[in-house]
file input_34.pdb (PDB, C-alpha atoms)
ATOM      1  CA  GLY A   1       0.000   0.000   0.000
ATOM      2  CA  ALA A   2       0.956   3.624  -0.298
ATOM      3  CA  GLY A   3       0.874   4.535   3.369
ATOM      4  CA  VAL A   4       1.804   3.245   6.806
ATOM      5  CA  SER A   5      -0.566   0.534   7.959
ATOM      6  CA  GLN A   6      -1.184  -0.717  11.470
ATOM      7  CA  SER A   7      -3.063  -3.659  12.878
ATOM      8  CA  PRO A   8      -5.283  -4.221  14.637
ATOM      9  CA  SER A   9      -7.153  -0.944  14.473
ATOM     10  CA  ASN A  10      -8.734  -1.649  17.845
ATOM     11  CA  LYS A  11      -7.703  -3.990  20.623
ATOM     12  CA  VAL A  12      -9.492  -4.650  23.888
ATOM     13  CA  THR A  13      -7.606  -6.747  26.390
ATOM     14  CA  GLU A  14      -7.842  -7.703  30.019
ATOM     15  CA  LYS A  15      -5.415  -6.329  32.538
ATOM     16  CA  GLY A  16      -2.390  -8.579  32.858
ATOM     17  CA  LYS A  17      -2.530  -9.976  29.331
ATOM     18  CA  ASP A  18       0.173  -9.406  26.698
ATOM     19  CA  VAL A  19      -0.582  -7.620  23.422
ATOM     20  CA  GLU A  20       1.235  -7.249  20.117
ATOM     21  CA  LEU A  21       0.718  -4.301  17.806
ATOM     22  CA  ARG A  22       1.947  -4.379  14.236
ATOM     23  CA  CYS A  23       3.222  -1.672  11.909
ATOM     24  CA  ASP A  24       3.959  -1.881   8.200
ATOM     25  CA  PRO A  25       5.953   1.192   7.171
ATOM     26  CA  ILE A  26       6.063   2.758   3.752
ATOM     27  CA  SER A  27       8.220   0.635   1.476
ATOM     28  CA  GLY A  28      11.779   1.918   1.347
ATOM     29  CA  HIS A  29      11.548   4.011   4.498
ATOM     30  CA  THR A  30      14.517   3.249   6.694
ATOM     31  CA  ALA A  31      13.326   4.984   9.847
ATOM     32  CA  LEU A  32      10.396   3.750  11.928
ATOM     33  CA  TYR A  33       8.950   5.301  15.071
ATOM     34  CA  TRP A  34       6.400   4.337  17.664
ATOM     35  CA  TYR A  35       4.446   6.966  19.560
ATOM     36  CA  ARG A  36       1.633   6.821  22.084
ATOM     37  CA  GLN A  37      -1.269   9.239  22.222
ATOM     38  CA  SER A  38      -3.282   9.356  25.413
ATOM     39  CA  LEU A  39      -5.536  11.855  27.130
ATOM     40  CA  GLY A  40      -3.598  14.137  29.384
ATOM     41  CA  GLN A  41      -0.210  13.052  28.052
ATOM     42  CA  GLY A  42      -0.553  14.051  24.424
ATOM     43  CA  LEU A  43       1.783  12.378  21.969
ATOM     44  CA  GLU A  44       4.806  10.634  23.451
ATOM     45  CA  PHE A  45       7.766   9.147  21.651
ATOM     46  CA  LEU A  46       8.369   5.503  22.522
ATOM     47  CA  ILE A  47      11.059   3.952  20.315
ATOM     48  CA  TYR A  48      12.932   4.627  17.083
ATOM     49  CA  PHE A  49      14.514   2.281  14.538
ATOM     50  CA  GLN A  50      16.955   3.449  11.874
ATOM     51  CA  GLY A  51      18.178   0.905   9.373
ATOM     52  CA  ASN A  52      20.216  -1.835  11.026
ATOM     53  CA  SER A  53      21.320   0.315  13.946
ATOM     54  CA  ALA A  54      20.371  -0.541  17.497
ATOM     55  CA  PRO A  55      16.982   0.984  18.289
ATOM     56  CA  ASP A  56      16.679   4.016  20.515
ATOM     57  CA  LYS A  57      14.425   2.875  23.337
ATOM     58  CA  SER A  58      14.704   5.993  25.450
ATOM     59  CA  GLY A  59      10.970   6.712  25.339
ATOM     60  CA  LEU A  60       9.694   3.335  26.506
ATOM     61  CA  PRO A  61       7.830   3.895  29.802
ATOM     62  CA  SER A  62       8.717   0.589  31.437
ATOM     63  CA  ASP A  63      10.382  -2.755  30.800
ATOM     64  CA  ARG A  64       6.965  -4.205  29.993
ATOM     65  CA  PHE A  65       7.267  -2.473  26.627
ATOM     66  CA  SER A  66       9.469  -3.820  23.851
ATOM     67  CA  ALA A  67       9.625  -3.580  20.096
ATOM     68  CA  GLU A  68      11.399  -5.246  17.263
ATOM     69  CA  ARG A  69      11.759  -4.631  13.593
ATOM     70  CA  THR A  70      12.311  -7.624  11.354
ATOM     71  CA  GLY A  71      14.167  -7.369   8.083
ATOM     72  CA  GLY A  72      14.240  -3.609   8.312
ATOM     73  CA  SER A  73      10.553  -3.418   7.536
ATOM     74  CA  VAL A  74       7.648  -4.610   9.703
ATOM     75  CA  SER A  75       7.734  -3.712  13.373
ATOM     76  CA  THR A  76       5.934  -5.197  16.347
ATOM     77  CA  LEU A  77       5.354  -3.374  19.618
ATOM     78  CA  THR A  78       4.742  -5.757  22.526
ATOM     79  CA  ILE A  79       3.258  -4.777  25.853
ATOM     80  CA  GLN A  80       3.502  -7.429  28.552
ATOM     81  CA  ARG A  81       1.225  -7.671  31.575
ATOM     82  CA  THR A  82      -0.901  -4.779  30.374
ATOM     83  CA  GLN A  83      -2.147  -2.201  32.857
ATOM     84  CA  GLN A  84      -5.084   0.167  32.569
ATOM     85  CA  GLU A  85      -2.734   3.126  32.167
ATOM     86  CA  ASP A  86      -1.478   1.493  28.952
ATOM     87  CA  SER A  87      -4.811   2.350  27.317
ATOM     88  CA  ALA A  88      -4.023   4.751  24.489
ATOM     89  CA  VAL A  89      -3.719   5.041  20.730
ATOM     90  CA  TYR A  90      -0.392   3.650  19.562
ATOM     91  CA  LEU A  91       0.878   5.361  16.445
ATOM     92  CA  CYS A  92       3.566   4.195  14.081
ATOM     93  CA  ALA A  93       5.392   6.493  11.673
ATOM     94  CA  SER A  94       8.074   6.062   9.066
ATOM     95  CA  SER A  95      10.394   8.370   7.213
ATOM     96  CA  SER A  96      12.981   8.155   4.509
ATOM     97  CA  LEU A  97      15.482  10.616   5.962
ATOM     98  CA  SER A  98      17.465  10.708   9.145
ATOM     99  CA  GLY A  99      17.917  13.953  11.070
ATOM    100  CA  GLY A 100      14.243  14.786  10.900
ATOM    101  CA  GLY A 101      12.560  14.562   7.564
ATOM    102  CA  GLU A 102       8.883  14.117   7.051
ATOM    103  CA  GLN A 103       7.283  11.435   9.148
ATOM    104  CA  TYR A 104       4.242   9.648   7.806
ATOM    105  CA  PHE A 105       1.867   8.265  10.377
ATOM    106  CA  GLY A 106      -0.340   5.222  10.329
ATOM    107  CA  PRO A 107      -3.961   5.331  11.539
ATOM    108  CA  GLY A 108      -3.004   3.943  14.924
ATOM    109  CA  THR A 109      -4.124   1.070  17.120
ATOM    110  CA  ARG A 110      -6.558   1.980  19.882
ATOM    111  CA  LEU A 111      -5.709  -0.179  22.888
ATOM    112  CA  THR A 112      -8.188  -0.487  25.718
ATOM    113  CA  VAL A 113      -7.165  -2.378  28.843
ATOM    114  CA  THR A 114     -10.121  -3.414  30.990
TER     115      THR A 114
ATOM    116  CA  GLY B   1      14.337  17.959  28.250
ATOM    117  CA  GLU B   2      12.635  19.453  25.270
ATOM    118  CA  ASP B   3       9.264  21.055  25.880
ATOM    119  CA  VAL B   4       6.736  22.240  23.330
ATOM    120  CA  GLU B   5       3.808  24.387  24.409
ATOM    121  CA  GLN B   6       0.614  25.293  22.605
ATOM    122  CA  SER B   7      -2.647  26.862  23.597
ATOM    123  CA  LEU B   8      -5.323  24.205  23.779
ATOM    124  CA  PHE B   9      -8.260  25.817  21.997
ATOM    125  CA  LEU B  10      -8.970  28.332  19.254
ATOM    126  CA  SER B  11     -12.380  29.272  17.947
ATOM    127  CA  VAL B  12     -12.877  31.307  14.766
ATOM    128  CA  ARG B  13     -15.608  32.127  12.308
ATOM    129  CA  GLU B  14     -15.559  30.801   8.776
ATOM    130  CA  GLY B  15     -13.635  33.137   6.473
ATOM    131  CA  ASP B  16     -11.494  34.602   9.256
ATOM    132  CA  SER B  17      -7.788  33.907   9.660
ATOM    133  CA  SER B  18      -6.619  31.489  12.337
ATOM    134  CA  VAL B  19      -3.285  31.797  14.066
ATOM    135  CA  ILE B  20      -2.009  28.886  16.129
ATOM    136  CA  ASN B  21       1.045  29.549  18.263
ATOM    137  CA  CYS B  22       3.745  27.273  19.611
ATOM    138  CA  THR B  23       6.807  27.791  21.781
ATOM    139  CA  TYR B  24       9.665  25.357  22.267
ATOM    140  CA  THR B  25      12.723  25.130  24.458
ATOM    141  CA  ASP B  26      15.382  23.406  22.318
ATOM    142  CA  SER B  27      16.527  25.480  19.362
ATOM    143  CA  SER B  28      18.664  22.804  17.706
ATOM    144  CA  SER B  29      15.869  21.214  15.686
ATOM    145  CA  THR B  30      16.642  21.438  11.969
ATOM    146  CA  TYR B  31      13.010  21.085  11.040
ATOM    147  CA  LEU B  32       9.866  22.306  12.785
ATOM    148  CA  TYR B  33       6.550  20.771  11.863
ATOM    149  CA  TRP B  34       2.822  21.277  11.913
ATOM    150  CA  TYR B  35       0.636  18.187  11.913
ATOM    151  CA  LYS B  36      -3.144  18.030  11.612
ATOM    152  CA  GLN B  37      -5.397  15.420  13.164
ATOM    153  CA  GLU B  38      -9.021  15.283  12.109
ATOM    154  CA  PRO B  39     -11.590  13.492  14.281
ATOM    155  CA  GLY B  40     -11.040   9.748  14.143
ATOM    156  CA  ALA B  41      -8.140  10.092  11.731
ATOM    157  CA  GLY B  42      -4.386   9.743  11.962
ATOM    158  CA  LEU B  43      -1.802  12.478  12.005
ATOM    159  CA  GLN B  44      -1.215  14.224   8.719
ATOM    160  CA  LEU B  45       1.859  16.307   8.013
ATOM    161  CA  LEU B  46       0.564  19.740   7.107
ATOM    162  CA  THR B  47       3.736  21.695   6.537
ATOM    163  CA  TYR B  48       7.211  22.177   7.889
ATOM    164  CA  ILE B  49       9.873  24.837   7.946
ATOM    165  CA  PHE B  50      13.645  24.634   7.985
ATOM    166  CA  SER B  51      15.265  26.302  10.942
ATOM    167  CA  ASN B  52      17.194  28.716   8.698
ATOM    168  CA  MET B  53      13.958  30.190   7.347
ATOM    169  CA  ASP B  54      11.771  32.880   8.878
ATOM    170  CA  MET B  55       8.661  32.244   6.852
ATOM    171  CA  LYS B  56       7.145  29.660   4.584
ATOM    172  CA  GLN B  57       3.953  30.095   2.612
ATOM    173  CA  ASP B  58       1.968  27.216   1.158
ATOM    174  CA  GLN B  59      -1.389  28.229  -0.323
ATOM    175  CA  ARG B  60      -3.593  29.230   2.627
ATOM    176  CA  LEU B  61      -0.924  28.290   5.160
ATOM    177  CA  THR B  62       1.807  30.605   6.435
ATOM    178  CA  VAL B  63       4.406  29.416   8.912
ATOM    179  CA  LEU B  64       6.424  31.977  10.831
ATOM    180  CA  LEU B  65       9.518  31.086  12.809
ATOM    181  CA  ASN B  66      11.143  33.388  15.355
ATOM    182  CA  LYS B  67      14.256  31.532  16.465
ATOM    183  CA  LYS B  68      15.296  34.207  18.916
ATOM    184  CA  ASP B  69      12.053  33.828  20.844
ATOM    185  CA  LYS B  70      11.713  30.093  20.024
ATOM    186  CA  HIS B  71       8.252  30.772  18.668
ATOM    187  CA  LEU B  72       6.514  29.063  15.765
ATOM    188  CA  SER B  73       3.121  29.991  14.387
ATOM    189  CA  LEU B  74       0.733  28.647  11.792
ATOM    190  CA  ARG B  75      -1.641  31.014  10.066
ATOM    191  CA  ILE B  76      -4.573  29.643   8.098
ATOM    192  CA  ALA B  77      -6.129  32.209   5.793
ATOM    193  CA  ASP B  78      -9.841  32.115   4.933
ATOM    194  CA  THR B  79     -10.498  29.381   7.487
ATOM    195  CA  GLN B  80     -13.107  26.838   6.443
ATOM    196  CA  THR B  81     -15.232  24.453   8.488
ATOM    197  CA  GLY B  82     -13.139  21.639   7.026
ATOM    198  CA  ASP B  83     -10.125  23.087   8.823
ATOM    199  CA  SER B  84     -11.654  22.087  12.164
ATOM    200  CA  ALA B  85      -9.138  19.681  13.673
ATOM    201  CA  ILE B  86      -6.378  19.404  16.232
ATOM    202  CA  TYR B  87      -3.109  21.004  15.150
ATOM    203  CA  PHE B  88       0.158  19.791  16.625
ATOM    204  CA  CYS B  89       3.439  21.619  16.628
ATOM    205  CA  ALA B  90       6.459  19.276  16.655
ATOM    206  CA  VAL B  91      10.209  19.623  16.812
ATOM    207  CA  VAL B  92      12.967  17.059  16.508
ATOM    208  CA  THR B  93      14.354  16.004  19.827
ATOM    209  CA  ASN B  94      18.033  15.474  20.417
ATOM    210  CA  GLN B  95      17.186  12.866  22.999
ATOM    211  CA  ALA B  96      16.358  10.258  20.397
ATOM    212  CA  GLY B  97      17.997  11.203  17.154
ATOM    213  CA  THR B  98      15.143  12.114  14.941
ATOM    214  CA  ALA B  99      12.040  11.404  16.985
ATOM    215  CA  LEU B 100       9.525  14.190  17.365
ATOM    216  CA  ILE B 101       8.408  15.976  20.485
ATOM    217  CA  PHE B 102       4.850  17.203  20.103
ATOM    218  CA  GLY B 103       2.903  19.914  21.781
ATOM    219  CA  LYS B 104      -0.395  18.837  23.300
ATOM    220  CA  GLY B 105      -2.271  20.158  20.298
ATOM    221  CA  THR B 106      -4.562  23.102  19.599
ATOM    222  CA  THR B 107      -8.177  22.270  18.873
ATOM    223  CA  LEU B 108      -9.402  24.604  16.145
ATOM    224  CA  SER B 109     -13.152  25.054  15.978
ATOM    225  CA  VAL B 110     -14.560  26.845  12.937
ATOM    226  CA  SER B 111     -18.132  28.061  13.054
ATOM    227  CA  SER B 112     -20.176  29.022  10.026
TER     228      SER B 112
END

call {"tool": "encode", "arguments": {"input": "input_34.pdb", "output": "C-alpha cells"}}
result
Amino acid sequence: GAGVSQSPSNKVTEKGKDVELRCDPISGHTALYWYRQSLGQGLEFLIYFQGNSAPDKSGLPSDRFSAERTGGSVSTLTIQRTQQEDSAVYLCASSSLSGGGEQYFGPGTRLTVT
Amino acid sequence: GEDVEQSLFLSVREGDSSVINCTYTDSSSTYLYWYKQEPGAGLQLLTYIFSNMDMKQDQRLTVLLNKKDKHLSLRIADTQTGDSAIYFCAVVTNQAGTALIFGKGTTLSVSS
C-alpha cells in the first residue's frame, strides 16, 4: 500500500494480558517510530529504529514495553502484563530521511485495557 | 528535556484567519513541523519549515519562525469548516535522534 498501515485498528484486552501491535511502514523508508497518544499526556515518543542500527528505546515507559523490527521493515510493539494506564492510541510512523525529515503516520491502534 | 507548548483551543468564524502559536525550548531542531489530526483520523503532516527560514507560505498556510524567541506559528487564511481539527506543533528532539516531540495540540473550531 501507499501509506503506513497498522493492525489491529482496535484492541481490547484484560489487565495482565500481553498484546502485540503491528506496523507496516512505507516501502523503502529506513526509519520507523512508535508513539503513544493518550488523554492528558498528548503524543509521546516511545522507540525509534533506523536501518540496522540498534533501536533508541529511550521513550519506553517501562520494561513491559518492547519492540522489534524484522528485516528492516515490519515492526511489532509488545506490551507485557498490560495495565489500565497502557490504554491509548499507539501510532507508528516512518520516514525516509534521518535527522528529521517528514514522518508519515499510520492510523493507529486503539488499545483499551479493561 | 525538550518542551513544546501550545494553547489548547482556538475558535474562529468561517472566512477569518486562524493563528495557532507554539513555543519550544530546544533550538537545535533542523526542522519544525505542523501536523493536523481530524476526528477519528491519523496524524497528517501539514507543513514544515527549515530552521534557517523565517517564513514559509503554502497556499492558505503561512508558517512563521522566530528563532530568537523560540516561537513558531501557523496562520490559516480564509479558514473553512473543514479546517476544524487538532493542530500539533512538533520539533525534533536530540534525545532520540530524529524522533519528534509534540505539543499537546490546539483544537481549532470553525463556526459558520

call {"tool": "atom_distance", "arguments": {"input": "input_34.pdb", "atom1": "atom CA of Leu74 of chain B", "atom2": "atom CA of Val19 of chain B"}}
result
5.6 Å

call {"tool": "interface_residues", "arguments": {"input": "input_34.pdb", "of": "chain B", "to": "chain A", "cutoff": "12 Å", "atoms": "only C-alpha atoms", "output": "number ranges by chain"}}
result
B: 2-6, 8, 28-51, 86-106

call {"tool": "residues_around", "arguments": {"input": "input_34.pdb", "residues": "Ser87 of chain A", "least_positions_apart": "3", "cutoff": "6 Å", "atoms": "all atoms listed in the file", "output": "PDB file with C-alpha atoms, in the coordinates of the input"}}
result
ATOM      1  CA  GLN A  84      -5.084   0.167  32.569  1.00  0.00           C
ATOM      2  CA  LEU A 111      -5.709  -0.179  22.888  1.00  0.00           C
ATOM      3  CA  THR A 112      -8.188  -0.487  25.718  1.00  0.00           C
ATOM      4  CA  VAL A 113      -7.165  -2.378  28.843  1.00  0.00           C
TER       5      VAL A 113
END

call {"tool": "closest_residue", "arguments": {"input": "input_34.pdb", "among": "A:Gln6, A:Thr114, A:Cys23, A:Gln83", "to": "Arg69 of chain A", "atoms": "all atoms listed in the file"}}
result
A:Cys23

call {"tool": "closest_residue", "arguments": {"input": "input_34.pdb", "among": "A:Ser38, A:Thr70, A:Gly28, A:Glu20", "to": "Glu85 of chain A", "atoms": "only C-alpha atoms"}}
result
A:Ser38

call {"tool": "closest_residue", "arguments": {"input": "input_34.pdb", "among": "A:Val19, A:Ile26, A:Ala88, A:Ala2", "to": "Phe65 of chain A", "atoms": "all atoms listed in the file"}}
result
A:Val19

call {"tool": "decode", "arguments": {"input": "input_34.pdb", "residues": "segment 20-45 of chain A", "atoms": "N, CA, C and O atoms", "output": "PDB file, in the first residue's frame"}}
result
ATOM      1  N   GLU A  20       0.276  -7.567  21.184  1.00  0.00           N
ATOM      2  CA  GLU A  20       1.235  -7.249  20.117  1.00  0.00           C
ATOM      3  C   GLU A  20       0.554  -6.338  19.107  1.00  0.00           C
ATOM      4  O   GLU A  20      -0.544  -6.642  18.632  1.00  0.00           O
ATOM      5  N   LEU A  21       1.223  -5.254  18.792  1.00  0.00           N
ATOM      6  CA  LEU A  21       0.718  -4.301  17.806  1.00  0.00           C
ATOM      7  C   LEU A  21       1.682  -4.289  16.629  1.00  0.00           C
ATOM      8  O   LEU A  21       2.900  -4.279  16.823  1.00  0.00           O
ATOM      9  N   ARG A  22       1.111  -4.250  15.421  1.00  0.00           N
ATOM     10  CA  ARG A  22       1.947  -4.379  14.236  1.00  0.00           C
ATOM     11  C   ARG A  22       1.948  -3.103  13.410  1.00  0.00           C
ATOM     12  O   ARG A  22       0.941  -2.403  13.333  1.00  0.00           O
ATOM     13  N   CYS A  23       3.092  -2.840  12.783  1.00  0.00           N
ATOM     14  CA  CYS A  23       3.222  -1.672  11.909  1.00  0.00           C
ATOM     15  C   CYS A  23       3.931  -2.074  10.627  1.00  0.00           C
ATOM     16  O   CYS A  23       5.006  -2.678  10.667  1.00  0.00           O
ATOM     17  N   ASP A  24       3.329  -1.709   9.504  1.00  0.00           N
ATOM     18  CA  ASP A  24       3.959  -1.881   8.200  1.00  0.00           C
ATOM     19  C   ASP A  24       4.314  -0.504   7.660  1.00  0.00           C
ATOM     20  O   ASP A  24       3.416   0.253   7.282  1.00  0.00           O
ATOM     21  N   PRO A  25       5.586  -0.164   7.611  1.00  0.00           N
ATOM     22  CA  PRO A  25       5.953   1.192   7.171  1.00  0.00           C
ATOM     23  C   PRO A  25       5.848   1.319   5.657  1.00  0.00           C
ATOM     24  O   PRO A  25       5.623   0.335   4.944  1.00  0.00           O
ATOM     25  N   ILE A  26       6.024   2.522   5.188  1.00  0.00           N
ATOM     26  CA  ILE A  26       6.063   2.758   3.752  1.00  0.00           C
ATOM     27  C   ILE A  26       7.311   2.077   3.186  1.00  0.00           C
ATOM     28  O   ILE A  26       8.400   2.185   3.770  1.00  0.00           O
ATOM     29  N   SER A  27       7.120   1.375   2.080  1.00  0.00           N
ATOM     30  CA  SER A  27       8.220   0.635   1.476  1.00  0.00           C
ATOM     31  C   SER A  27       9.396   1.555   1.166  1.00  0.00           C
ATOM     32  O   SER A  27       9.223   2.634   0.587  1.00  0.00           O
ATOM     33  N   GLY A  28      10.579   1.133   1.607  1.00  0.00           N
ATOM     34  CA  GLY A  28      11.779   1.918   1.347  1.00  0.00           C
ATOM     35  C   GLY A  28      12.140   2.888   2.447  1.00  0.00           C
ATOM     36  O   GLY A  28      13.252   3.430   2.470  1.00  0.00           O
ATOM     37  N   HIS A  29      11.229   3.129   3.382  1.00  0.00           N
ATOM     38  CA  HIS A  29      11.548   4.011   4.498  1.00  0.00           C
ATOM     39  C   HIS A  29      12.443   3.281   5.491  1.00  0.00           C
ATOM     40  O   HIS A  29      12.122   2.195   5.956  1.00  0.00           O
ATOM     41  N   THR A  30      13.555   3.915   5.819  1.00  0.00           N
ATOM     42  CA  THR A  30      14.517   3.249   6.694  1.00  0.00           C
ATOM     43  C   THR A  30      14.252   3.539   8.174  1.00  0.00           C
ATOM     44  O   THR A  30      14.693   2.798   9.026  1.00  0.00           O
ATOM     45  N   ALA A  31      13.575   4.615   8.448  1.00  0.00           N
ATOM     46  CA  ALA A  31      13.326   4.984   9.847  1.00  0.00           C
ATOM     47  C   ALA A  31      11.888   4.653  10.220  1.00  0.00           C
ATOM     48  O   ALA A  31      10.959   4.879   9.440  1.00  0.00           O
ATOM     49  N   LEU A  32      11.723   4.102  11.427  1.00  0.00           N
ATOM     50  CA  LEU A  32      10.396   3.750  11.928  1.00  0.00           C
ATOM     51  C   LEU A  32      10.294   4.182  13.385  1.00  0.00           C
ATOM     52  O   LEU A  32      11.241   4.000  14.160  1.00  0.00           O
ATOM     53  N   TYR A  33       9.161   4.745  13.733  1.00  0.00           N
ATOM     54  CA  TYR A  33       8.950   5.301  15.071  1.00  0.00           C
ATOM     55  C   TYR A  33       7.644   4.766  15.644  1.00  0.00           C
ATOM     56  O   TYR A  33       6.666   4.582  14.920  1.00  0.00           O
ATOM     57  N   TRP A  34       7.643   4.600  16.941  1.00  0.00           N
ATOM     58  CA  TRP A  34       6.400   4.337  17.664  1.00  0.00           C
ATOM     59  C   TRP A  34       6.149   5.493  18.625  1.00  0.00           C
ATOM     60  O   TRP A  34       7.063   5.950  19.339  1.00  0.00           O
ATOM     61  N   TYR A  35       4.886   5.943  18.641  1.00  0.00           N
ATOM     62  CA  TYR A  35       4.446   6.966  19.560  1.00  0.00           C
ATOM     63  C   TYR A  35       3.181   6.474  20.260  1.00  0.00           C
ATOM     64  O   TYR A  35       2.501   5.563  19.791  1.00  0.00           O
ATOM     65  N   ARG A  36       2.860   7.131  21.374  1.00  0.00           N
ATOM     66  CA  ARG A  36       1.633   6.821  22.084  1.00  0.00           C
ATOM     67  C   ARG A  36       0.866   8.120  22.282  1.00  0.00           C
ATOM     68  O   ARG A  36       1.462   9.142  22.667  1.00  0.00           O
ATOM     69  N   GLN A  37      -0.431   8.054  22.030  1.00  0.00           N
ATOM     70  CA  GLN A  37      -1.269   9.239  22.222  1.00  0.00           C
ATOM     71  C   GLN A  37      -2.337   8.911  23.247  1.00  0.00           C
ATOM     72  O   GLN A  37      -3.180   8.040  23.027  1.00  0.00           O
ATOM     73  N   SER A  38      -2.291   9.597  24.377  1.00  0.00           N
ATOM     74  CA  SER A  38      -3.282   9.356  25.413  1.00  0.00           C
ATOM     75  C   SER A  38      -3.761  10.680  25.967  1.00  0.00           C
ATOM     76  O   SER A  38      -3.074  11.697  25.867  1.00  0.00           O
ATOM     77  N   LEU A  39      -4.961  10.648  26.540  1.00  0.00           N
ATOM     78  CA  LEU A  39      -5.536  11.855  27.130  1.00  0.00           C
ATOM     79  C   LEU A  39      -4.644  12.318  28.274  1.00  0.00           C
ATOM     80  O   LEU A  39      -4.199  11.511  29.078  1.00  0.00           O
ATOM     81  N   GLY A  40      -4.390  13.590  28.297  1.00  0.00           N
ATOM     82  CA  GLY A  40      -3.598  14.137  29.384  1.00  0.00           C
ATOM     83  C   GLY A  40      -2.102  14.098  29.140  1.00  0.00           C
ATOM     84  O   GLY A  40      -1.373  14.919  29.676  1.00  0.00           O
ATOM     85  N   GLN A  41      -1.645  13.154  28.339  1.00  0.00           N
ATOM     86  CA  GLN A  41      -0.210  13.052  28.052  1.00  0.00           C
ATOM     87  C   GLN A  41       0.135  13.517  26.653  1.00  0.00           C
ATOM     88  O   GLN A  41       1.295  13.688  26.324  1.00  0.00           O
ATOM     89  N   GLY A  42      -0.848  13.670  25.798  1.00  0.00           N
ATOM     90  CA  GLY A  42      -0.553  14.051  24.424  1.00  0.00           C
ATOM     91  C   GLY A  42       0.169  12.945  23.700  1.00  0.00           C
ATOM     92  O   GLY A  42      -0.021  11.759  23.968  1.00  0.00           O
ATOM     93  N   LEU A  43       1.022  13.326  22.774  1.00  0.00           N
ATOM     94  CA  LEU A  43       1.783  12.378  21.969  1.00  0.00           C
ATOM     95  C   LEU A  43       3.162  12.184  22.568  1.00  0.00           C
ATOM     96  O   LEU A  43       3.915  13.115  22.749  1.00  0.00           O
ATOM     97  N   GLU A  44       3.508  10.925  22.850  1.00  0.00           N
ATOM     98  CA  GLU A  44       4.806  10.634  23.451  1.00  0.00           C
ATOM     99  C   GLU A  44       5.599   9.710  22.554  1.00  0.00           C
ATOM    100  O   GLU A  44       5.079   8.700  22.083  1.00  0.00           O
ATOM    101  N   PHE A  45       6.857  10.023  22.374  1.00  0.00           N
ATOM    102  CA  PHE A  45       7.766   9.147  21.651  1.00  0.00           C
ATOM    103  C   PHE A  45       8.058   7.900  22.480  1.00  0.00           C
ATOM    104  O   PHE A  45       8.261   7.981  23.685  1.00  0.00           O
TER     105      PHE A  45
END
